[in-house]
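Trainee: Structure file structure_26.json (JSON, C-alpha atoms) right here:
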[["chain", "number", "residue", "atom", "x", "y", "z"],
["S", 1, "MET", "CA", -21.64, 11.79, 2.38],
["S", 2, "GLY", "CA", -20.75, 15.38, 1.56],
["S", 3, "LYS", "CA", -22.39, 17.62, -0.97],
["S", 4, "LYS", "CA", -21.55, 17.09, -4.62],
["S", 5, "PRO", "CA", -18.67, 19.49, -5.36],
["S", 6, "THR", "CA", -18.95, 22.11, -8.06],
["S", 7, "HIS", "CA", -16.16, 24.13, -9.61],
["S", 8, "ALA", "CA", -16.10, 27.53, -11.27],
["S", 9, "ASN", "CA", -14.21, 27.91, -14.54],
["S", 10, "LYS", "CA", -12.24, 30.96, -15.69],
["S", 11, "LYS", "CA", -15.44, 32.70, -16.78],
["S", 12, "GLY", "CA", -17.00, 32.20, -13.36],
["S", 13, "LYS", "CA", -19.47, 29.58, -14.54],
["S", 14, "VAL", "CA", -20.07, 26.64, -12.22],
["S", 15, "SER", "CA", -19.02, 23.27, -13.63],
["S", 16, "SER", "CA", -21.01, 20.14, -12.82],
["S", 17, "PHE", "CA", -17.97, 17.92, -13.28],
["S", 18, "ILE", "CA", -16.38, 16.15, -10.35],
["S", 19, "LYS", "CA", -12.68, 16.85, -9.94],
["S", 20, "SER", "CA", -10.39, 13.93, -9.13],
["S", 21, "PRO", "CA", -8.56, 14.19, -5.78],
["S", 22, "LEU", "CA", -5.41, 12.82, -7.46],
["S", 23, "ARG", "CA", -2.76, 14.89, -9.21],
["S", 24, "CYS", "CA", -1.92, 14.11, -12.82],
["S", 25, "PRO", "CA", 1.74, 13.74, -13.91],
["S", 26, "SER", "CA", 0.97, 14.70, -17.50],
["S", 27, "GLY", "CA", -0.88, 17.27, -19.58],
["S", 28, "LYS", "CA", -4.02, 15.16, -19.98],
["S", 29, "SER", "CA", -6.11, 17.39, -17.74],
["S", 30, "ARG", "CA", -5.84, 20.22, -20.27],
["S", 31, "ALA", "CA", -7.76, 18.16, -22.81],
["S", 32, "VAL", "CA", -10.61, 17.15, -20.50],
["S", 33, "SER", "CA", -13.14, 19.70, -21.75],
["S", 34, "GLN", "CA", -12.51, 18.68, -25.37],
["S", 35, "ILE", "CA", -12.83, 14.99, -24.53],
["S", 36, "ILE", "CA", -16.05, 15.52, -22.57],
["S", 37, "ASP", "CA", -17.72, 18.01, -24.90],
["S", 38, "LYS", "CA", -16.51, 16.97, -28.36],
["S", 39, "ILE", "CA", -15.52, 13.31, -28.31],
["S", 40, "TYR", "CA", -18.10, 11.73, -26.02],
["S", 41, "PRO", "CA", -21.48, 11.24, -27.69],
["S", 42, "LYS", "CA", -24.08, 13.60, -26.29],
["S", 43, "ARG", "CA", -26.40, 10.70, -25.56],
["S", 44, "ILE", "CA", -25.07, 7.39, -24.32],
["S", 45, "THR", "CA", -27.52, 4.69, -23.31],
["S", 46, "CYS", "CA", -24.92, 2.11, -22.26],
["S", 47, "PRO", "CA", -22.16, 2.27, -19.64],
["S", 48, "LEU", "CA", -19.03, 4.18, -20.56],
["S", 49, "LEU", "CA", -15.74, 2.34, -20.11],
["S", 50, "THR", "CA", -12.48, 4.19, -19.60],
["S", 51, "PHE", "CA", -9.43, 1.94, -19.84],
["S", 52, "CYS", "CA", -6.34, 2.82, -17.82],
["S", 53, "CYS", "CA", -8.08, 5.89, -16.47],
["S", 54, "TRP", "CA", -5.13, 6.94, -14.29],
["S", 55, "TRP", "CA", -6.01, 10.51, -13.61],
["S", 56, "LEU", "CA", -9.15, 11.53, -15.54],
["S", 57, "ASN", "CA", -9.50, 14.87, -13.83],
["S", 58, "ARG", "CA", -13.20, 15.42, -14.25],
["S", 59, "ILE", "CA", -15.99, 12.90, -14.48],
["S", 60, "GLY", "CA", -19.36, 13.68, -16.05],
["S", 61, "THR", "CA", -22.10, 13.39, -13.46],
["S", 62, "SER", "CA", -25.30, 11.44, -13.96],
["S", 63, "LYS", "CA", -27.16, 14.74, -13.63],
["S", 64, "GLN", "CA", -25.70, 15.92, -16.94],
["S", 65, "ARG", "CA", -25.34, 12.65, -18.81],
["S", 66, "ASN", "CA", -27.51, 9.56, -18.57],
["S", 67, "TYR", "CA", -24.93, 6.80, -18.27],
["S", 68, "GLY", "CA", -22.95, 4.79, -15.77],
["S", 69, "LEU", "CA", -19.17, 4.98, -15.81],
["S", 70, "CYS", "CA", -17.08, 1.80, -15.70],
["S", 71, "ILE", "CA", -13.40, 2.47, -15.05],
["S", 72, "THR", "CA", -10.74, -0.22, -15.37],
["S", 73, "ASP", "CA", -6.99, -0.08, -14.83],
["S", 74, "ALA", "CA", -4.15, -2.59, -14.70],
["S", 75, "PHE", "CA", -2.42, -0.88, -11.76],
["S", 76, "GLU", "CA", -3.71, -2.45, -8.54],
["S", 77, "PRO", "CA", -2.84, 0.38, -6.07],
["S", 78, "LEU", "CA", -4.74, 2.88, -8.19],
["S", 79, "VAL", "CA", -7.75, 0.59, -8.31],
["S", 80, "HIS", "CA", -7.57, 0.13, -4.52],
["S", 81, "PHE", "CA", -7.58, 3.90, -4.10],
["S", 82, "TRP", "CA", -10.71, 4.45, -6.20],
["S", 83, "GLN", "CA", -12.61, 1.49, -4.75],
["S", 84, "VAL", "CA", -11.92, 2.57, -1.17],
["S", 85, "LEU", "CA", -12.72, 6.20, -1.97],
["S", 86, "LEU", "CA", -16.06, 5.36, -3.57],
["S", 87, "LYS", "CA", -17.00, 3.02, -0.72],
["S", 88, "ASN", "CA", -16.12, 5.24, 2.25],
["S", 89, "ALA", "CA", -14.43, 8.58, 1.55],
["S", 90, "PRO", "CA", -14.69, 9.92, 5.14],
["S", 91, "TYR", "CA", -12.94, 6.86, 6.57],
["S", 92, "LEU", "CA", -10.20, 7.01, 3.94],
["S", 93, "ALA", "CA", -9.60, 10.68, 4.79],
["S", 94, "GLU", "CA", -9.16, 9.81, 8.46],
["S", 95, "VAL", "CA", -6.56, 7.15, 7.64],
["S", 96, "VAL", "CA", -4.75, 9.61, 5.36],
["S", 97, "ARG", "CA", -4.27, 12.01, 8.29],
["S", 98, "GLN", "CA", -1.46, 9.83, 9.67],
["S", 99, "TYR", "CA", 0.67, 11.24, 6.83],
["S", 100, "GLU", "CA", -0.40, 14.86, 7.26],
["S", 101, "GLN", "CA", 2.95, 15.97, 8.70],
["S", 102, "MET", "CA", 4.89, 14.36, 5.86],
["S", 103, "THR", "CA", 8.68, 14.71, 6.08],
["S", 104, "PRO", "CA", 11.25, 13.72, 3.43],
["S", 105, "ASN", "CA", 12.22, 10.67, 5.50],
["S", 106, "MET", "CA", 8.57, 9.61, 5.79],
["S", 107, "PHE", "CA", 8.02, 10.18, 2.07],
["S", 108, "TYR", "CA", 10.96, 8.16, 0.76],
["S", 109, "ASN", "CA", 10.47, 5.38, 3.29],
["S", 110, "LEU", "CA", 6.82, 5.11, 2.27],
["S", 111, "GLN", "CA", 7.85, 4.87, -1.38],
["S", 112, "LYS", "CA", 10.28, 2.05, -0.55],
["S", 113, "THR", "CA", 7.81, 0.08, 1.57],
["S", 114, "PHE", "CA", 4.65, 0.84, -0.41],
["S", 115, "PHE", "CA", 4.38, -2.52, -2.17],
["S", 116, "ALA", "CA", 4.67, -4.34, 1.15],
["S", 117, "LEU", "CA", 1.31, -2.91, 2.27],
["S", 118, "ASN", "CA", -1.50, -5.45, 2.07],
["S", 119, "ASP", "CA", -4.57, -3.67, 3.46],
["S", 120, "SER", "CA", -6.70, -1.94, 0.82],
["S", 121, "VAL", "CA", -7.42, 1.13, 2.95],
["S", 122, "GLU", "CA", -3.76, 1.54, 3.94],
["S", 123, "ILE", "CA", -2.74, 1.18, 0.29],
["S", 124, "ALA", "CA", -5.30, 3.79, -0.75],
["S", 125, "ALA", "CA", -4.24, 6.22, 1.99],
["S", 126, "ALA", "CA", -0.52, 5.86, 1.23],
["S", 127, "PHE", "CA", -1.16, 6.22, -2.50],
["S", 128, "PHE", "CA", -3.05, 9.47, -1.97],
["S", 129, "ALA", "CA", -0.42, 10.86, 0.41],
["S", 130, "LEU", "CA", 2.44, 10.06, -1.98],
["S", 131, "ASN", "CA", 0.54, 11.40, -4.96],
["S", 132, "ARG", "CA", -0.26, 14.73, -3.32],
["S", 133, "SER", "CA", 3.22, 15.06, -1.77],
["S", 134, "SER", "CA", 5.26, 14.17, -4.85],
["S", 135, "PHE", "CA", 6.51, 16.49, -7.54],
["S", 136, "SER", "CA", 3.81, 16.82, -10.22],
["S", 137, "GLY", "CA", 1.92, 13.84, -8.84],
["S", 138, "THR", "CA", 4.55, 11.27, -9.84],
["S", 139, "THR", "CA", 3.66, 9.31, -6.67],
["S", 140, "LEU", "CA", 5.91, 6.23, -6.62],
["S", 141, "SER", "CA", 8.66, 7.32, -9.00],
["S", 142, "GLY", "CA", 9.29, 11.02, -8.36],
["S", 143, "GLY", "CA", 10.76, 13.07, -5.57],
["S", 144, "MET", "CA", 8.98, 14.90, -2.79],
["S", 145, "SER", "CA", 7.62, 18.35, -3.55],
["S", 146, "LEU", "CA", 9.26, 20.76, -1.10],
["S", 147, "GLY", "CA", 6.77, 21.56, 1.64],
["S", 148, "HIS", "CA", 4.17, 19.39, -0.19],
["S", 149, "PRO", "CA", 1.90, 22.40, -0.96],
["S", 150, "ARG", "CA", -0.65, 20.10, -2.64],
["S", 151, "PHE", "CA", -0.96, 17.78, 0.36],
["S", 152, "THR", "CA", -2.78, 19.92, 2.89],
["S", 153, "GLN", "CA", -5.68, 19.82, 5.33],
["S", 154, "SER", "CA", -7.79, 21.28, 2.54],
["S", 155, "SER", "CA", -6.93, 18.42, 0.16],
["S", 156, "ILE", "CA", -7.82, 15.89, 2.86],
["S", 157, "GLU", "CA", -11.14, 17.63, 3.54],
["S", 158, "LYS", "CA", -11.96, 17.52, -0.17],
["S", 159, "LEU", "CA", -11.11, 13.82, -0.15],
["S", 160, "LYS", "CA", -13.48, 13.35, 2.79],
["S", 161, "GLU", "CA", -16.31, 15.09, 0.93],
["S", 162, "PHE", "CA", -15.80, 13.28, -2.38],
["S", 163, "SER", "CA", -18.98, 11.78, -3.78],
["S", 164, "ALA", "CA", -19.74, 10.27, -7.17],
["S", 165, "LYS", "CA", -22.66, 8.12, -8.29],
["S", 166, "ASN", "CA", -22.99, 5.43, -10.97],
["S", 167, "ILE", "CA", -19.24, 4.75, -11.07],
["S", 168, "THR", "CA", -17.54, 1.37, -10.75],
["S", 169, "VAL", "CA", -13.78, 0.70, -10.74],
["S", 170, "ASP", "CA", -12.30, -2.72, -11.51],
["S", 171, "LEU", "CA", -8.85, -4.25, -11.93],
["S", 172, "ALA", "CA", -8.38, -5.33, -15.56],
["S", 173, "ASP", "CA", -6.15, -4.60, -18.52],
["S", 174, "PHE", "CA", -7.39, -3.78, -22.00],
["S", 175, "LYS", "CA", -7.42, -7.42, -23.16],
["S", 176, "ILE", "CA", -10.15, -8.13, -20.60],
["S", 177, "SER", "CA", -11.94, -4.80, -20.24],
["S", 178, "ILE", "CA", -12.52, -4.11, -23.94],
["S", 179, "ALA", "CA", -13.92, -7.61, -24.48],
["S", 180, "ARG", "CA", -16.35, -7.06, -21.60],
["S", 181, "HIS", "CA", -17.68, -3.87, -23.19],
["S", 182, "ALA", "CA", -17.57, -4.72, -26.89],
["S", 183, "ASN", "CA", -20.82, -2.86, -27.62],
["S", 184, "ASP", "CA", -20.20, 0.16, -25.39],
["S", 185, "PHE", "CA", -18.59, 3.52, -26.02],
["S", 186, "LEU", "CA", -14.93, 3.27, -24.99],
["S", 187, "TYR", "CA", -12.42, 5.91, -23.99],
["S", 188, "CYS", "CA", -9.04, 4.14, -24.03],
["S", 189, "ASP", "CA", -6.21, 6.04, -22.40],
["S", 190, "THR", "CA", -2.74, 5.27, -23.74],
["S", 191, "PRO", "CA", -0.82, 2.86, -21.46],
["S", 192, "TYR", "CA", 2.75, 3.69, -20.46],
["S", 193, "LEU", "CA", 5.64, 1.72, -21.93],
["S", 194, "ILE", "CA", 7.49, -0.85, -19.83],
["S", 195, "THR", "CA", 10.68, 1.26, -19.79],
["S", 196, "GLN", "CA", 8.88, 4.20, -18.20],
["S", 197, "LYS", "CA", 8.87, 4.47, -14.41],
["S", 198, "LEU", "CA", 5.72, 6.48, -13.78],
["S", 199, "TYR", "CA", 4.12, 3.63, -11.84],
["S", 200, "GLY", "CA", 7.24, 2.89, -9.79],
["S", 201, "LYS", "CA", 6.88, -0.72, -10.91],
["S", 202, "LYS", "CA", 6.52, -2.51, -14.23],
["S", 203, "VAL", "CA", 2.82, -3.20, -14.66],
["S", 204, "THR", "CA", 2.34, -3.24, -18.43],
["S", 205, "ASN", "CA", 3.43, -5.98, -20.79],
["S", 206, "ILE", "CA", 3.41, -4.52, -24.28]]
Would you mind writing the file's structure down as structure tokens?

Mentor:
Amino acid sequence: MGKKPTHANKKGKVSSFIKSPLRCPSGKSRAVSQIIDKIYPKRITCPLLTFCCWWLNRIGTSKQRNYGLCITDAFEPLVHFWQVLLKNAPYLAEVVRQYEQMTPNMFYNLQKTFFALNDSVEIAAAFFALNRSSFSGTTLSGGMSLGHPRFTQSSIEKLKEFSAKNITVDLADFKISIARHANDFLYCDTPYLITQKLYGKKVTNI
């Protein structure tokens, strides 16, 4: 496993938060520092559950905060990505390299055939490649970003070096996940409406 990544903020201070390898098709990442520093209790003795945690851009490390992190989501490909990444990031990065020379034809064909994939690692690799190659990280619903400047050798190397402890990711919607963690601190991300196409497939039933 690679070294735990650190990131410098605008003031040059090193952050001990782990940055997600996925791109976020919304403005949620701008609120991360407020969520982490102001909303989360400073001391949590039970696991933290984040429901529908699509793109939480930075995750508090166990070094800073004494809790485990339980992430659940109703979108199976996203869950596959995180589970494979946490289990074997170097192997996932190697599988991703088959898409390194992404062309428009490759991109749109992969979008069309994505839900026919049935191997967890292949699903995770394709999901990452589409996410990093798509405009604003829209993955399965958006167009290809010209030249895919966010899907590079550097992004694959960062994927290979990704490491996070005390994190579990499970497939479950809020009706199941909240009941499982009734006495825990919950961060519940707003699910997307059925008419929206961010997922590329209807996965919510509101």

Trainee: Counting all atoms listed in the file, note down every residue that has an atom within 9 Å of the point (6.5, 15.5, 0.8) (file coordinates), as a PDB file with C-alpha atoms, keeping the file's coordinate frame.

Mentor:
ATOM      1  CA  GLN S 101       2.950  15.970   8.700  1.00  0.00           C
ATOM      2  CA  MET S 102       4.890  14.360   5.860  1.00  0.00           C
ATOM      3  CA  THR S 103       8.680  14.710   6.080  1.00  0.00           C
ATOM      4  CA  PRO S 104      11.250  13.720   3.430  1.00  0.00           C
ATOM      5  CA  ASN S 105      12.220  10.670   5.500  1.00  0.00           C
ATOM      6  CA  MET S 106       8.570   9.610   5.790  1.00  0.00           C
ATOM      7  CA  PHE S 107       8.020  10.180   2.070  1.00  0.00           C
ATOM      8  CA  TYR S 108      10.960   8.160   0.760  1.00  0.00           C
ATOM      9  CA  ALA S 129      -0.420  10.860   0.410  1.00  0.00           C
ATOM     10  CA  LEU S 130       2.440  10.060  -1.980  1.00  0.00           C
ATOM     11  CA  ARG S 132      -0.260  14.730  -3.320  1.00  0.00           C
ATOM     12  CA  SER S 133       3.220  15.060  -1.770  1.00  0.00           C
ATOM     13  CA  SER S 134       5.260  14.170  -4.850  1.00  0.00           C
ATOM     14  CA  PHE S 135       6.510  16.490  -7.540  1.00  0.00           C
ATOM     15  CA  GLY S 143      10.760  13.070  -5.570  1.00  0.00           C
ATOM     16  CA  MET S 144       8.980  14.900  -2.790  1.00  0.00           C
ATOM     17  CA  SER S 145       7.620  18.350  -3.550  1.00  0.00           C
ATOM     18  CA  LEU S 146       9.260  20.760  -1.100  1.00  0.00           C
ATOM     19  CA  GLY S 147       6.770  21.560   1.640  1.00  0.00           C
ATOM     20  CA  HIS S 148       4.170  19.390  -0.190  1.00  0.00           C
ATOM     21  CA  PRO S 149       1.900  22.400  -0.960  1.00  0.00           C
ATOM     22  CA  PHE S 151      -0.960  17.780   0.360  1.00  0.00           C
TER      23      PHE S 151
END

Trainee: So how far away is CA of Leu69 in chain S from CA of Thr168 in chain S, in Å?

Mentor: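 Straight-line distance from CA of Thr168 in chain S to CA of Leu69 in chain S works out to 6.4 Å.
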
Trainee: Between S:Asp184, S:Glu161, S:Asp173, S:Glu100, which residue has the minimum interatomic distance to Ala126 in chain S, considering all atoms listed in the file?

Mentor: S:Glu100

Trainee: Please, what distance in Å, to one decimal, runs between CA of Glu122 in chain S and CA of His80 in chain S?

Mentor: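 Value for the CA of Glu122 in chain S-CA of His80 in chain S distance: 9.4 Å.
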
Trainee: Suppose you want the space between CA of Ser141 in chain S and CA of Lys158 in chain S; what is it in Å?

Mentor: 24.6 Å

Trainee: Show me the residues close to (-4.6, 6.7, -1.5) - anything with an atom within 9 Å, counting only C-alpha atoms - and format the list as a list in words.

Mentor: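 In the file's frame, the residues around the point are Leu22, Pro77, Leu78, His80, Phe81, Trp82, Val84, Leu85, Leu92, Ala93, Val96, Val121, Glu122, Ile123, Ala124, Ala125, Ala126, Phe127, Phe128, Ala129, Leu130 and Asn131 of chain S.
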
Trainee: So, counting all atoms listed in the file, which residue among S:Thr72, S:Lys160, S:Thr139, S:Ile167 is closest to Cys188 in chain S?

Mentor: S:Thr72

Trainee: Hey, which of S:Arg150, S:His181, S:Lys165, S:Lys112 ends up closest to Pro21 in chain S? Count all atoms listed in the file.

Mentor: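 Counting all atoms listed in the file, the residue closest to Pro21 in chain S is S:Arg150.
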
Trainee: Kindly indicate which residue among S:Asn118, S:Leu86, S:Cys70, S:Gln111 lies nearest to Thr138 in chain S, using only C-alpha atoms for the distances.

Mentor: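 Of S:Asn118, S:Leu86, S:Cys70, S:Gln111, the one nearest Thr138 in chain S is S:Gln111, counting only C-alpha atoms.
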
Trainee: From the list S:Glu157, S:Glu94, S:Asp189, S:Glu76, which residue is nearest Leu117 in chain S when using all atoms listed in the file?

Mentor: S:Glu76

Trainee: Could you add N, CA and C atoms to range 163-177 of chain S and give me the result as an mmCIF file, in the frame of the given file?

Mentor:
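Ended up saving to result_1.cif:
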data_model
loop_
_atom_site.group_PDB
_atom_site.id
_atom_site.type_symbol
_atom_site.label_atom_id
_atom_site.label_comp_id
_atom_site.auth_asym_id
_atom_site.auth_seq_id
_atom_site.Cartn_x
_atom_site.Cartn_y
_atom_site.Cartn_z
ATOM 1 N N SER S 163 -17.789 12.588 -3.540
ATOM 2 C CA SER S 163 -18.980 11.780 -3.780
ATOM 3 C C SER S 163 -19.225 11.675 -5.274
ATOM 4 N N ALA S 164 -19.445 10.467 -5.755
ATOM 5 C CA ALA S 164 -19.740 10.270 -7.170
ATOM 6 C C ALA S 164 -20.650 9.054 -7.311
ATOM 7 N N LYS S 165 -21.683 9.194 -8.118
ATOM 8 C CA LYS S 165 -22.660 8.120 -8.290
ATOM 9 C C LYS S 165 -22.462 7.424 -9.637
ATOM 10 N N ASN S 166 -22.979 6.201 -9.725
ATOM 11 C CA ASN S 166 -22.990 5.430 -10.970
ATOM 12 C C ASN S 166 -21.598 5.181 -11.535
ATOM 13 N N ILE S 167 -20.605 5.022 -10.643
ATOM 14 C CA ILE S 167 -19.240 4.750 -11.070
ATOM 15 C C ILE S 167 -18.764 3.444 -10.445
ATOM 16 N N THR S 168 -18.168 2.580 -11.259
ATOM 17 C CA THR S 168 -17.540 1.370 -10.750
ATOM 18 C C THR S 168 -16.089 1.338 -11.227
ATOM 19 N N VAL S 169 -15.201 0.798 -10.403
ATOM 20 C CA VAL S 169 -13.780 0.700 -10.740
ATOM 21 C C VAL S 169 -13.333 -0.736 -10.536
ATOM 22 N N ASP S 170 -12.739 -1.327 -11.578
ATOM 23 C CA ASP S 170 -12.300 -2.720 -11.510
ATOM 24 C C ASP S 170 -10.867 -2.872 -11.990
ATOM 25 N N LEU S 171 -10.214 -3.930 -11.520
ATOM 26 C CA LEU S 171 -8.850 -4.250 -11.930
ATOM 27 C C LEU S 171 -8.896 -5.115 -13.180
ATOM 28 N N ALA S 172 -8.411 -4.578 -14.304
ATOM 29 C CA ALA S 172 -8.380 -5.330 -15.560
ATOM 30 C C ALA S 172 -7.573 -4.562 -16.589
ATOM 31 N N ASP S 173 -6.841 -5.286 -17.437
ATOM 32 C CA ASP S 173 -6.150 -4.600 -18.520
ATOM 33 C C ASP S 173 -7.046 -4.586 -19.750
ATOM 34 N N PHE S 174 -6.544 -3.993 -20.836
ATOM 35 C CA PHE S 174 -7.390 -3.780 -22.000
ATOM 36 C C PHE S 174 -7.848 -5.084 -22.643
ATOM 37 N N LYS S 175 -7.053 -6.152 -22.531
ATOM 38 C CA LYS S 175 -7.420 -7.420 -23.160
ATOM 39 C C LYS S 175 -8.702 -7.986 -22.550
ATOM 40 N N ILE S 176 -8.938 -7.668 -21.292
ATOM 41 C CA ILE S 176 -10.150 -8.130 -20.600
ATOM 42 C C ILE S 176 -11.255 -7.092 -20.674
ATOM 43 N N SER S 177 -10.909 -5.839 -20.376
ATOM 44 C CA SER S 177 -11.940 -4.800 -20.240
ATOM 45 C C SER S 177 -12.636 -4.478 -21.559
#
